[in-house]
file model_31.txt (compact mmCIF, C-alpha atoms and all ligand atoms)
# COMPACT_ATOMS: atom_id res chain seq x y z
CA MET A 25 -49.47 66.19 -38.70
CA SER A 26 -52.54 65.03 -36.77
CA GLY A 27 -52.71 61.60 -35.12
CA ALA A 28 -55.15 60.36 -37.78
CA ASP A 29 -52.90 61.59 -40.63
CA HIS A 30 -50.00 59.86 -38.96
CA VAL A 31 -51.81 56.52 -38.84
CA SER A 32 -52.95 56.72 -42.47
CA ALA A 33 -49.44 57.70 -43.65
CA THR A 34 -48.01 54.69 -41.83
CA THR A 35 -50.64 52.39 -43.31
CA LYS A 36 -49.79 53.72 -46.77
CA ARG A 37 -46.15 52.83 -46.19
CA LEU A 38 -47.18 49.26 -45.34
CA ASP A 39 -49.18 49.06 -48.58
CA VAL A 40 -46.11 50.17 -50.52
CA TYR A 41 -44.12 47.32 -48.99
CA ALA A 42 -46.75 44.86 -50.19
CA VAL A 43 -45.99 46.00 -53.75
CA ARG A 44 -42.24 46.13 -53.38
CA PRO A 45 -40.91 44.03 -50.45
CA PRO A 46 -37.64 45.19 -48.88
CA ARG A 47 -34.39 43.64 -50.08
CA GLY A 48 -33.38 40.65 -47.96
CA MET A 49 -36.98 39.62 -47.31
CA PRO A 50 -36.88 35.84 -46.69
CA ALA A 51 -39.25 33.50 -48.52
CA LEU A 52 -42.14 32.24 -46.42
CA CYS A 53 -42.64 28.53 -45.94
CA ALA A 54 -46.04 26.83 -46.13
CA HIS A 55 -48.38 27.07 -43.16
CA ALA A 56 -50.40 24.33 -41.45
CA LEU A 57 -53.28 26.26 -39.91
CA ASP A 58 -55.95 23.66 -40.56
CA ALA A 59 -55.04 21.91 -37.32
CA PHE A 60 -56.16 24.96 -35.30
CA GLU A 61 -59.52 26.38 -34.33
CA GLU A 62 -60.62 29.79 -35.60
CA THR A 63 -60.34 31.37 -32.12
CA GLN A 64 -56.76 30.12 -31.82
CA VAL A 65 -55.85 31.50 -35.26
CA ARG A 66 -57.47 34.80 -34.28
CA HIS A 67 -55.20 35.09 -31.21
CA ALA A 68 -52.13 34.40 -33.37
CA ARG A 69 -53.27 36.86 -36.05
CA ARG A 70 -53.57 39.65 -33.49
CA ALA A 71 -50.16 38.78 -32.03
CA TRP A 72 -48.48 38.95 -35.47
CA SER A 73 -50.12 42.30 -36.25
CA MET A 74 -48.89 43.67 -32.91
CA LYS A 75 -45.41 42.30 -33.62
CA SER A 76 -45.36 44.01 -37.02
CA ALA A 77 -46.22 47.37 -35.43
CA GLN A 78 -43.59 46.83 -32.74
CA GLU A 79 -40.94 46.02 -35.36
CA LEU A 80 -41.74 49.30 -37.15
CA ARG A 81 -41.34 51.23 -33.89
CA SER A 82 -38.02 49.45 -33.41
CA ALA A 83 -36.95 50.45 -36.95
CA ALA A 84 -37.77 54.08 -36.10
CA ILE A 85 -35.61 53.92 -32.95
CA PHE A 86 -32.65 52.46 -34.86
CA SER A 87 -33.08 55.08 -37.61
CA GLU A 88 -32.95 57.82 -34.98
CA LEU A 89 -29.83 56.19 -33.52
CA VAL A 90 -28.15 56.29 -36.96
CA ARG A 91 -28.96 60.01 -37.25
CA LEU A 92 -27.68 60.66 -33.72
CA ALA A 93 -24.51 58.61 -34.30
CA ILE A 94 -23.69 60.81 -37.30
CA ASP A 95 -24.57 63.94 -35.30
CA CYS A 96 -22.22 62.81 -32.49
CA GLY A 97 -19.26 62.14 -34.79
CA LEU A 98 -19.73 58.35 -34.86
CA ALA A 99 -20.26 58.06 -38.63
CA GLY A 100 -18.34 54.84 -39.26
CA GLU A 101 -18.64 51.27 -38.07
CA ILE A 102 -21.08 52.21 -35.30
CA SER A 103 -23.55 54.04 -37.54
CA LYS A 104 -23.23 51.29 -40.18
CA ALA A 105 -24.03 48.58 -37.61
CA LEU A 106 -27.06 50.55 -36.38
CA ALA A 107 -28.23 51.13 -39.96
CA SER A 108 -28.09 47.39 -40.63
CA CYS A 109 -30.26 46.84 -37.51
CA ALA A 110 -32.78 49.41 -38.81
CA GLU A 111 -32.94 47.52 -42.10
CA ASP A 112 -33.44 44.19 -40.26
CA GLU A 113 -36.33 45.72 -38.29
CA MET A 114 -38.03 46.87 -41.50
CA ILE A 115 -37.70 43.32 -42.84
CA HIS A 116 -39.09 41.91 -39.57
CA ALA A 117 -42.06 44.30 -39.78
CA GLU A 118 -42.81 43.12 -43.30
CA LEU A 119 -42.31 39.47 -42.38
CA CYS A 120 -44.70 39.80 -39.41
CA ARG A 121 -47.23 41.67 -41.56
CA LEU A 122 -47.12 38.93 -44.20
CA VAL A 123 -47.52 36.16 -41.60
CA ALA A 124 -50.42 38.10 -40.04
CA LYS A 125 -51.96 38.33 -43.52
CA VAL A 126 -51.67 34.54 -43.99
CA PHE A 127 -53.50 34.24 -40.65
CA GLY A 128 -56.21 36.54 -42.04
CA ALA A 129 -55.23 39.96 -40.67
CA GLU A 130 -55.63 43.39 -42.25
CA PRO A 131 -52.48 45.60 -42.37
CA PRO A 132 -51.79 46.73 -38.78
CA VAL A 133 -52.42 50.26 -37.59
CA VAL A 134 -49.14 51.50 -36.18
CA ASP A 135 -49.13 53.78 -33.14
CA MET A 136 -45.86 55.74 -33.17
CA LYS A 137 -46.71 57.74 -30.04
CA PRO A 138 -44.50 55.59 -27.74
CA VAL A 139 -41.52 56.30 -30.01
CA GLU A 140 -42.32 60.02 -30.15
CA ASP A 141 -42.61 60.16 -26.35
CA ARG A 142 -39.32 58.30 -25.95
CA LEU A 143 -37.51 60.64 -28.35
CA LEU A 144 -38.84 63.71 -26.54
CA GLY A 145 -37.27 62.42 -23.31
CA HIS A 146 -33.77 63.74 -23.95
CA ARG A 147 -33.08 66.67 -26.27
CA GLU A 148 -29.26 66.71 -26.22
CA PRO A 149 -28.03 64.37 -29.04
CA TRP A 150 -25.23 62.58 -27.16
CA ARG A 151 -27.40 61.89 -24.10
CA ARG A 152 -30.31 60.82 -26.28
CA PHE A 153 -27.96 58.50 -28.19
CA LEU A 154 -26.62 56.92 -24.99
CA ALA A 155 -30.08 56.51 -23.46
CA LEU A 156 -31.59 54.85 -26.55
CA LEU A 157 -28.56 52.64 -27.07
CA LEU A 158 -28.62 51.46 -23.46
CA VAL A 159 -32.35 50.99 -22.91
CA GLU A 160 -33.84 50.25 -26.32
CA VAL A 161 -30.96 48.32 -27.90
CA ALA A 162 -28.80 46.63 -25.25
CA ILE A 163 -31.54 45.98 -22.66
CA GLY A 164 -34.58 45.93 -24.97
CA GLU A 165 -33.10 43.62 -27.58
CA THR A 166 -31.76 41.22 -24.92
CA ILE A 167 -35.23 40.85 -23.44
CA SER A 168 -36.78 40.65 -26.91
CA THR A 169 -34.33 37.86 -27.82
CA SER A 170 -35.39 35.87 -24.76
CA LEU A 171 -39.10 36.28 -25.59
CA PHE A 172 -38.58 35.33 -29.26
CA ARG A 173 -36.48 32.32 -28.20
CA ALA A 174 -39.24 31.10 -25.90
CA GLY A 175 -41.86 31.62 -28.62
CA ALA A 176 -39.78 29.83 -31.26
CA LYS A 177 -39.10 26.94 -28.87
CA SER A 178 -42.77 26.34 -28.06
CA SER A 179 -44.01 26.82 -31.64
CA ALA A 180 -44.85 23.81 -33.80
CA GLU A 181 -46.85 25.32 -36.68
CA PRO A 182 -44.23 25.50 -39.51
CA LEU A 183 -44.76 29.11 -40.74
CA THR A 184 -44.81 30.40 -37.16
CA ARG A 185 -41.63 28.56 -36.22
CA HIS A 186 -39.89 29.60 -39.45
CA ALA A 187 -40.68 33.33 -38.98
CA LEU A 188 -39.90 33.41 -35.24
CA THR A 189 -36.58 31.61 -35.78
CA MET A 190 -35.52 34.07 -38.50
CA ILE A 191 -36.37 37.09 -36.33
CA LEU A 192 -34.70 35.53 -33.28
CA ARG A 193 -31.38 35.24 -35.13
CA ASP A 194 -31.37 38.99 -35.88
CA GLU A 195 -32.60 40.07 -32.43
CA ALA A 196 -29.70 38.21 -30.79
CA GLN A 197 -27.33 40.05 -33.14
CA HIS A 198 -28.94 43.43 -32.29
CA ALA A 199 -28.52 42.78 -28.57
CA ARG A 200 -24.85 41.89 -29.14
CA ILE A 201 -24.31 45.11 -31.12
CA GLY A 202 -25.92 47.14 -28.32
CA TRP A 203 -23.60 45.78 -25.63
CA GLU A 204 -20.53 45.98 -27.88
CA VAL A 205 -21.15 49.62 -28.82
CA LEU A 206 -21.62 50.52 -25.15
CA GLU A 207 -18.29 48.82 -24.39
CA VAL A 208 -16.60 50.79 -27.19
CA LEU A 209 -18.04 54.09 -25.91
CA ARG A 210 -17.37 53.40 -22.24
CA PRO A 211 -13.87 55.03 -22.24
CA ILE A 212 -15.26 58.28 -23.62
CA TRP A 213 -18.33 58.74 -21.47
CA THR A 214 -17.77 61.16 -18.59
CA VAL A 215 -18.64 60.75 -14.92
CA ASP A 216 -21.70 62.93 -15.59
CA ASP A 217 -22.68 60.69 -18.52
CA ARG A 218 -22.42 57.64 -16.26
CA ARG A 219 -24.60 59.32 -13.63
CA PHE A 220 -27.07 60.20 -16.37
CA LEU A 221 -27.16 56.56 -17.52
CA ASP A 222 -27.66 55.32 -13.96
CA GLY A 223 -30.61 57.72 -13.64
CA GLU A 224 -31.98 56.41 -16.92
CA LEU A 225 -31.68 52.83 -15.64
CA ARG A 226 -33.48 53.66 -12.43
CA ALA A 227 -36.31 55.30 -14.36
CA GLN A 228 -36.60 52.74 -17.15
CA LEU A 229 -36.07 49.33 -15.50
CA GLY A 230 -39.35 49.61 -13.59
CA ALA A 231 -41.14 50.84 -16.73
CA ILE A 232 -39.83 47.86 -18.71
CA GLU A 233 -40.99 45.44 -16.01
CA GLN A 234 -44.40 47.13 -15.89
CA SER A 235 -44.96 46.88 -19.65
CA THR A 236 -43.36 43.46 -20.29
CA ALA A 237 -43.90 41.30 -17.20
CA VAL A 238 -46.58 42.84 -14.98
CA PRO A 239 -49.58 42.13 -17.29
CA SER A 240 -48.57 38.45 -17.27
CA LEU A 241 -48.02 38.49 -13.50
CA ARG A 242 -51.58 39.83 -13.13
CA LEU A 243 -52.91 37.02 -15.32
CA LEU A 244 -51.06 34.49 -13.18
CA ALA A 245 -52.45 36.05 -10.00
CA SER A 246 -56.00 35.83 -11.37
CA ALA A 247 -55.42 32.22 -12.50
CA ALA A 248 -56.86 33.14 -15.93
CA PRO A 249 -56.87 30.02 -18.14
CA PHE A 250 -54.40 29.81 -21.05
CA ASP A 251 -55.09 27.50 -23.98
CA PRO A 252 -51.88 25.39 -24.23
CA THR A 253 -52.42 24.89 -27.98
CA LEU A 254 -51.58 28.59 -28.45
CA GLY A 255 -47.97 27.72 -27.56
CA ARG A 256 -47.79 25.78 -30.84
CA LEU A 257 -48.69 29.07 -32.58
CA GLY A 258 -45.80 30.85 -30.84
CA LEU A 259 -47.87 32.58 -28.15
CA LEU A 260 -46.33 32.57 -24.70
CA SER A 261 -48.29 31.52 -21.64
CA PRO A 262 -48.07 34.06 -18.78
CA GLU A 263 -45.73 31.65 -16.92
CA ARG A 264 -43.39 31.33 -19.87
CA ARG A 265 -43.40 35.07 -20.60
CA VAL A 266 -42.57 35.94 -16.99
CA GLU A 267 -39.87 33.27 -16.91
CA ALA A 268 -38.29 34.49 -20.18
CA PHE A 269 -38.36 38.12 -18.98
CA TYR A 270 -36.69 37.51 -15.61
CA GLU A 271 -34.18 35.03 -17.07
CA ALA A 272 -32.99 37.75 -19.48
CA LEU A 273 -33.12 40.56 -16.95
CA GLU A 274 -31.44 38.84 -14.02
CA GLY A 275 -29.25 36.43 -15.96
CA LYS A 276 -27.96 38.72 -18.71
CA VAL A 277 -28.96 42.39 -18.46
CA LEU A 278 -28.01 43.16 -14.85
CA PRO A 279 -24.62 41.36 -14.97
CA ALA A 280 -23.79 43.13 -18.28
CA LEU A 281 -24.74 46.54 -16.82
CA ASP A 282 -22.64 45.93 -13.72
CA ALA A 283 -19.70 44.80 -15.88
CA LEU A 284 -19.92 48.12 -17.76
CA GLY A 285 -19.49 49.99 -14.46
CA LEU A 286 -23.14 51.07 -14.42
CA ALA A 287 -25.43 50.69 -11.40
CA GLY A 288 -27.43 47.85 -12.95
CA SER A 289 -28.25 45.70 -9.91
CA ALA A 290 -28.56 48.74 -7.63
CA SER A 291 -30.94 50.50 -10.06
CA TRP A 292 -33.04 47.34 -10.36
CA ALA A 293 -33.28 47.09 -6.56
CA ALA A 294 -34.31 50.77 -6.37
CA ARG A 295 -36.60 50.81 -9.40
CA TYR A 296 -39.71 51.71 -7.40
CA THR A 297 -37.97 54.03 -4.94
CA ARG A 298 -38.18 57.76 -5.54
CA PRO A 299 -34.71 59.36 -6.01
CA ALA A 300 -33.66 61.24 -2.86
FE FE B 401 -36.93 42.97 -34.77
FE FE B 402 -34.26 44.02 -32.99

call {"tool": "encode", "arguments": {"input": "model_31.txt", "output": "structure tokens"}}
result
Amino acid sequence: MSGADHVSATTKRLDVYAVRPPRGMPALCAHALDAFEETQVRHARRAWSMKSAQELRSAAIFSELVRLAIDCGLAGEISKALASCAEDEMIHAELCRLVAKVFGAEPPVVDMKPVEDRLLGHREPWRRFLALLLVEVAIGETISTSLFRAGAKSSAEPLTRHALTMILRDEAQHARIGWEVLEVLRPIWTVDDRRFLDGELRAQLGAIEQSTAVPSLRLLASAAPFDPTLGRLGLLSPERRVEAFYEALEGKVLPALDALGLAGSASWAARYTRPA
């Protein structure tokens, strides 16, 4: 399938959801956008479209984890928990798409290339399962929870706050599931598996910082102005985004990794050092 076919197929799927929303889709509350200027609404619209696309990529990762769990002999509570996360992410994608639509957006174009690249990283099912569970679920959802919490806290526009609060509740649950499943699997991963996970941490922690915090750090360094009213529409200022990222990383992720017997703090310290 070509890249263009891929995009149009994904857009078609979004159109189908508009006709038949997923089960569990929460009702939207009324918005109060009249208090905002068009440029402010445009920023929020773009952010909701990007969130919708990100939620679909997250759904694809959880779906792959369900498949891998079954492949690895974990068809039971673990695969059921991951399947419920995949369903949540589909609902989040639809919720974000509907909020973006209220703000005036067209259905988002979803780029699945980052997911495809991530899945190509490890071919062996058990290793791929462990890597995705560790990085995308436990670490990724913990950071995502912190960012959603900050956005929900600053938001004042009722539809924005309503949608962010609903997603936040699920993201916190996904993060919990990630750490709990790692704890359950810890007795059966081998010394080689642990070394593999430490290598994954060393490779991915820097990449996560680069994609999540560094753009905001650059904005801070350039002293680019941020319209404080955007906070009421759930958009994070660079300061708040950086703060939420490092709070989650240093306050939750690294201690949890160390408690699992993984080289969390050491990998973070060596994230920009080439392996010997
Ligand atoms: Fe989500
Ligand atoms: Fe999530």

call {"tool": "residues_near_ligand", "arguments": {"input": "model_31.txt", "ligand": "ligand FE 401 (chain B)", "cutoff": "6 Å", "atoms": "all atoms listed in the file", "output": "list in words"}}
result
Glu79, Glu113, His116 and Glu195 of chain A

call {"tool": "residues_around", "arguments": {"input": "model_31.txt", "residues": "segment 226-228 of chain A", "least_positions_apart": "6", "cutoff": "12 Å", "atoms": "all atoms listed in the file", "output": "PyMOL selection string"}}
result
chain A and resi 142+145+155-156+158-160+163-164+219-220+234-236+286-299

call {"tool": "residues_around", "arguments": {"input": "model_31.txt", "residues": "Ile102 of chain A", "least_positions_apart": "4", "cutoff": "8 Å", "atoms": "all atoms listed in the file", "output": "PyMOL selection string"}}
result
chain A and resi 93+98+106+205

call {"tool": "residues_around", "arguments": {"input": "model_31.txt", "residues": "segment 122-126 of chain A", "least_positions_apart": "2", "cutoff": "10 Å", "atoms": "all atoms listed in the file", "output": "list of chain:residue names"}}
result
A:Ala42, A:Leu52, A:Ala54, A:His55, A:Leu57, A:Val65, A:Arg66, A:Ala68, A:Arg69, A:Arg70, A:Ala71, A:Trp72, A:Ser73, A:Met74, A:Lys75, A:Ser76, A:His116, A:Ala117, A:Glu118, A:Leu119, A:Cys120, A:Gly128, A:Ala129, A:Glu130, A:Pro131, A:Pro132, A:Leu183, A:Thr184, A:Ala187

call {"tool": "closest_residue", "arguments": {"input": "model_31.txt", "among": "A:Glu62, A:Asp216, A:Glu267, A:Glu111", "to": "ligand FE 402 (chain B)", "atoms": "only C-alpha atoms and all ligand atoms"}}
result
A:Glu111

call {"tool": "closest_residue", "arguments": {"input": "model_31.txt", "among": "A:Arg81, A:Arg91, A:Arg121, A:His146", "to": "ligand FE 402 (chain B)", "atoms": "only C-alpha atoms and all ligand atoms"}}
result
A:Arg81

call {"tool": "closest_residue", "arguments": {"input": "model_31.txt", "among": "A:Ala162, A:Leu154, A:Ile94, A:Ala51", "to": "ligand FE 402 (chain B)", "atoms": "all atoms listed in the file"}}
result
A:Ala162

call {"tool": "closest_residue", "arguments": {"input": "model_31.txt", "among": "A:Phe153, A:Phe172, A:Phe127, A:Phe60", "to": "ligand FE 402 (chain B)", "atoms": "all atoms listed in the file"}}
result
A:Phe172

call {"tool": "closest_residue", "arguments": {"input": "model_31.txt", "among": "A:Arg242, A:Lys177, A:His198, A:Arg256", "to": "ligand FE 402 (chain B)", "atoms": "only C-alpha atoms and all ligand atoms"}}
result
A:His198

call {"tool": "atom_distance", "arguments": {"input": "model_31.txt", "atom1": "atom CA of Leu260 of chain A", "atom2": "atom CA of Lys276 of chain A"}}
result
20.3 Å

call {"tool": "atom_distance", "arguments": {"input": "model_31.txt", "atom1": "atom CA of Ile115 of chain A", "atom2": "atom CA of Gly258 of chain A"}}
result
19.1 Å

call {"tool": "residues_near_ligand", "arguments": {"input": "model_31.txt", "ligand": "ligand FE 402 (chain B)", "cutoff": "9 Å", "atoms": "only C-alpha atoms and all ligand atoms", "output": "ChimeraX atom specification"}}
result
/A:79,82-83,86,109-110,112-113,116,161,164-166,168-169,191-192,194-199

call {"tool": "closest_residue", "arguments": {"input": "model_31.txt", "among": "A:Leu143, A:Ser179, A:Glu263, A:Met114", "to": "Phe250 of chain A", "atoms": "all atoms listed in the file"}}
result
A:Glu263

call {"tool": "residues_around", "arguments": {"input": "model_31.txt", "residues": "Pro252 of chain A", "least_positions_apart": "5", "cutoff": "10 Å", "atoms": "only C-alpha atoms", "output": "list in words"}}
result
Ser178, Leu257, Leu259, Leu260 and Ser261 of chain A

call {"tool": "atom_distance", "arguments": {"input": "model_31.txt", "atom1": "atom CA of Glu148 of chain A", "atom2": "atom CA of Asp217 of chain A"}}
result
11.8 Å
